[in-house]
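Visitor: The structure that follows is given in the form of structure tokens.
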Amino acid sequence: MSYIVDRRLNAKNKSTVNRQRFLERYRKHIRKAVSDAVDSRSITDMDRGEEVSIPADDVSQPIFNHGQGGSRSIVHPGNREFVQGDRIARPSGGGGAGGGEGEASNSGEGEDDFVFQLSQEEFLEFLFDDLALPNLTKRALKGNASFKYEHAGFTTDGVPAKLSVLRSLKAAKARRIALSGESRRLLKAARAELERATAEGDEVGARRLMLEIEQLEKRLNRVPFLDTNDLRYNLHVKRPVPTSQAVMFCLMDVSGSMDQQIKDMAKRFYLLLYMFLKRHYERTDIVFIRHHTVAKEVDEQEFFYSRETGGTVVSSALRLMKEVIDARYSPNEWNIYGAQASDGDNWNDDSPICRKLLEDDLLPLVQYFAYVEITKRNHQALWREYQQVARRFPETFAQRQIMEVSDIFPVFHELFQKREAA
Amino acid sequence: MSRKPLSEGSAWSFELIEAYDREIGRIAEAHGLDTYPNQIEIIRSDQMMDAYASIGMPLGYNHWSFGKQFVEVEKSYQSGAMGLAYEIVINSNPCISYLMEENSMTMQALVIAHACYGHNSFFKGNYLFRTWTDASAIIDYLLFARNYISSCEERYGVAEVEKVLDSCHALMNYGVDRYKRPYPISAEEEKRRQAERAEYVQRNLNDLWRTLPKAQSVDTSDEVTFPAEPQENLLYFIEKHAPLLEPWQREIVRIVRKIAQYFYPQRQTQVMNEGWASFWHYTLINRLYDEGLVTDGFMMEFLSSHTSVLFQPGFDHPVYNGINPYALGFAIYSDLKRMCDAPTDEDREWFPDIAGANWLEVLPAAMRDFKDESFIQQFMSPRVMREFRLFGILDDDEDSEIEVRAIHDHGGYRRVRELLASQYNLGDQTPNIQVVKVDVKGDRSLTLGHTQHQRRPLGASTEDVLKHLHRLWGFPVVLESTWQDEVVSTHRCPAETATGQDAA
């Protein structure tokens, strides 16, 4: 007889460990493939897996085998015109001679790369490998403003909605067994006695026993099926949870000097930051602020694609950011990140104001503020003012220059590199 | 045709699988098939990929190469380049067969007949499996191996364990005793004796490597050669004699060696095993049809997958990839039955003992006592050679052309059969490499001898394998390749110091 077992409900991903080990072993190759992908991909599909190819030589597992050469006899099927003693020109393209013997599969595969698909999760894992959000722990401990309920065992009283049926019936059964034990033992004995009495024809005894049985059954029936004492309720306790939400402010100059190419680069940078934050926080909001001489909060589409002309007043954006924080994102509840992209143009008079705004109003509130300057030209006043900010707030402020698309990921990587705990 | 078919549609259910299994089992028993009890497991396609990746072992230790395998299977499956096998069957007692849930009822029935009765009876009957593997102990042993290796990982680190496993895997094909009967695997025993063994081996080693403080005046004439005779089982030799291995490393070498030994019979009986299973699924299902238990539609589906499994493209066909073991094995077994039932004059001349005999006796004998090589040599009839239109060629690199040595005609049958049989000789397929010498008193170097077969040199990865061997041995390793008693090439690891500059 055969046993038939349904294994379909067994755990998935039995090979996960082996897969992880494989990825770990070829980390170097995969890292390279991932960072190449960031450079070449279009902006909108950063969030998917990637095909990785590794040179076949690097993943091969060597064994002793026969090389080309020597003499070999091989039997093939499907003869049509050959007779014994025929001489055939050797087929070109090496000594494959029709695929080789039986199952010699490694001879046919040749020099192809070993190609496989990295899942989206693994892709991001490798993308943000050894990066960390600065100052994450500091704020995570701070914000204890929200709570969640956790299961914490059972209690004997509570609201009906939290009744635990299983536990209650268990308790009821235990009580019934305990309370009726003596009566059931007597009942059993009486029944046996009755059987014996009827068999012996002892009618008086039988009648007495029947009465006794009736009494006992009545007593047993009086033990209630479910009693108030039996009821059990699920207990939930309120636990504070560290704030796990972030808001990201994207600040961008949209004045005439910012062309579409520069905006694209900025967008890539924002996107990386957004994906990175999303991995760390349960909830991530984005606020888009664009500015020329005046700042305005806009949606994504407008942020990246509408064109404006005119001069540039960076401080307007910083001011608006402060206003938005005050109005909607209390630093007690939110981890605040700022990312500003610009080509470096600003009214010269405005740059010292920007520095002051950052130092006094914004940096005390935010986790981190990164400024990227996308330009190939020399730095201007804004960069120099920000340098002073960076000196005073090395923990929370950083600035970098991006010249080409291929700089974006390295710069991002540099900004968020894991640091030694200070 | 009076009976009602077991099922009409193509959907399967557990009740139906049970019903089909019962009927197929009944017919198999009537034909005298002796099997282990069956354990049929229904799995999903991703579980099938898991099973693939761990080379069919129901529980394997962790290693990156299985991950690589998985990634490869997953990719070709998802891109549609490859279908998954309908089943995997494990040589264990009870015999475990995996059935995929995607299969139709017909396919499930085919697979039950093929695996649960065909392969199963082969595992139980064939002499190689009987002597080399212990079906009742394998699952426990694999579990032991897995736990042992993961405890090593905890203690010595994943990277260290991985190194040893990498090296062992490189030598896995040289971890089998080809001639000596191995001790049966038993997990209980292994566990109990493992500590004892570790200590014992270590002590013996010290004896072998004891360096007596004698002066340098050792006379070369009384130099002991060690080992006394060449050793073919490289992993066994390493396990017992490698000077520097830790006890746990020796145990891992042993585990890989034992598993290699377990799979060795399968590598030697591909044609027979698949041919036998195919013959029986064909016979059993046809019998079901004769009894009216399956419908015409069922039969159409069955025959269509039966023929595609047994398809043998010719050598010039674009998908040709060697001889299909299913097709060849099936043809030989079917032809044996035909010779018993309706012998021709040719059969009487070639197989006087078989022609006209009872096929229910001839076939089991042809399954029990042979491996592929001897099976083909013994039972492939001229008729099968004609059907396959087999021809043997000689591909010699000293000759500018390829010579056709024999074809499926009167003068060539014996030659073709001989050539094909030797093609299934594992000894010819893998290079013949043995341990010939250890320089016990000198630099402790290990010398391997490779005896070339028909002047065939070693492949490109030889140097890499030597690196692995060097890692296990701990001292220099030399491989000498000889042809007609002359050394034609020498590989060394590490490369000699004189040429140390270009050592990669």
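In the structure tokens, chains take the letters A, B, ... in the order shown, each chain's residues start at 1, and ligands count up from 1 in the order shown.
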I need the chain A residues near chain B as a PyMOL selection string; criterion: at most 6 Å, counting only C-alpha atoms.
Guide: chain A and resi 2-8+15+18-19+21-22+62-67+69-79+84-90+99+101-102
Visitor: List as a count of residues only the protein and nucleic acid residues near stretch 360-368 of chain B, meaning an atom at most 6 Å away when only C-alpha atoms are counted, but skip any in the same chain fewer than 4 places from it.
Guide: 3
Visitor: Report the distance between atom CA of B:Tyr20 and atom CA of B:Met107 in Å, rounded to one decimal place.
Guide: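 Between atom CA of B:Tyr20 and atom CA of B:Met107 the gap works out to 11.4 Å.
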Visitor: Taking the chain letters and numbering used in this document, name the residues of stretch 273-342 of chain A that DSSP puts in helix (DSSP H, G or I), as a PyMOL selection string.
Guide: chain A and resi 273-280+300-305+314-328
Visitor: Identify, on the basis of only C-alpha atoms, every residue whose closest approach to A:Glu300 does not exceed 9 Å; exclude the query and any residue fewer than 5 positions from it along the same chain; express the result as a list of chain:residue names.
Guide: A:Val287, A:Phe288, A:Tyr305
Visitor: Keeping N, CA and C atoms for every residue in the selection just given, could you write it to a file as an mmCIF file, in the first residue's frame?
Guide:
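Now in selection-v4.cif:
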```cif
data_model
loop_
_atom_site.group_PDB
_atom_site.id
_atom_site.type_symbol
_atom_site.label_atom_id
_atom_site.label_comp_id
_atom_site.auth_asym_id
_atom_site.auth_seq_id
_atom_site.Cartn_x
_atom_site.Cartn_y
_atom_site.Cartn_z
ATOM 1 N N VAL A 287 7.936 65.699 0.012
ATOM 2 C CA VAL A 287 7.437 67.044 -0.269
ATOM 3 C C VAL A 287 8.329 67.640 -1.353
ATOM 4 N N PHE A 288 7.715 68.042 -2.425
ATOM 5 C CA PHE A 288 8.490 68.648 -3.514
ATOM 6 C C PHE A 288 8.401 70.167 -3.416
ATOM 7 N N TYR A 305 9.013 68.419 -14.479
ATOM 8 C CA TYR A 305 8.858 68.695 -15.906
ATOM 9 C C TYR A 305 8.421 70.102 -16.284
#
```
Visitor: Give me the residues within 6 Å of stretch 363-379 of chain A as a PyMOL selection string, counting only C-alpha atoms and dropping any in the same chain fewer than 4 places off.
Guide: chain A and resi 336-344+358-359+383+396-403
Visitor: Record the distance separating atom CA of B:Phe302 and atom CA of B:Met57, expressed in Å with one decimal.
Guide: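 About the pair atom CA of B:Phe302 and atom CA of B:Met57: they are 28.1 Å apart.
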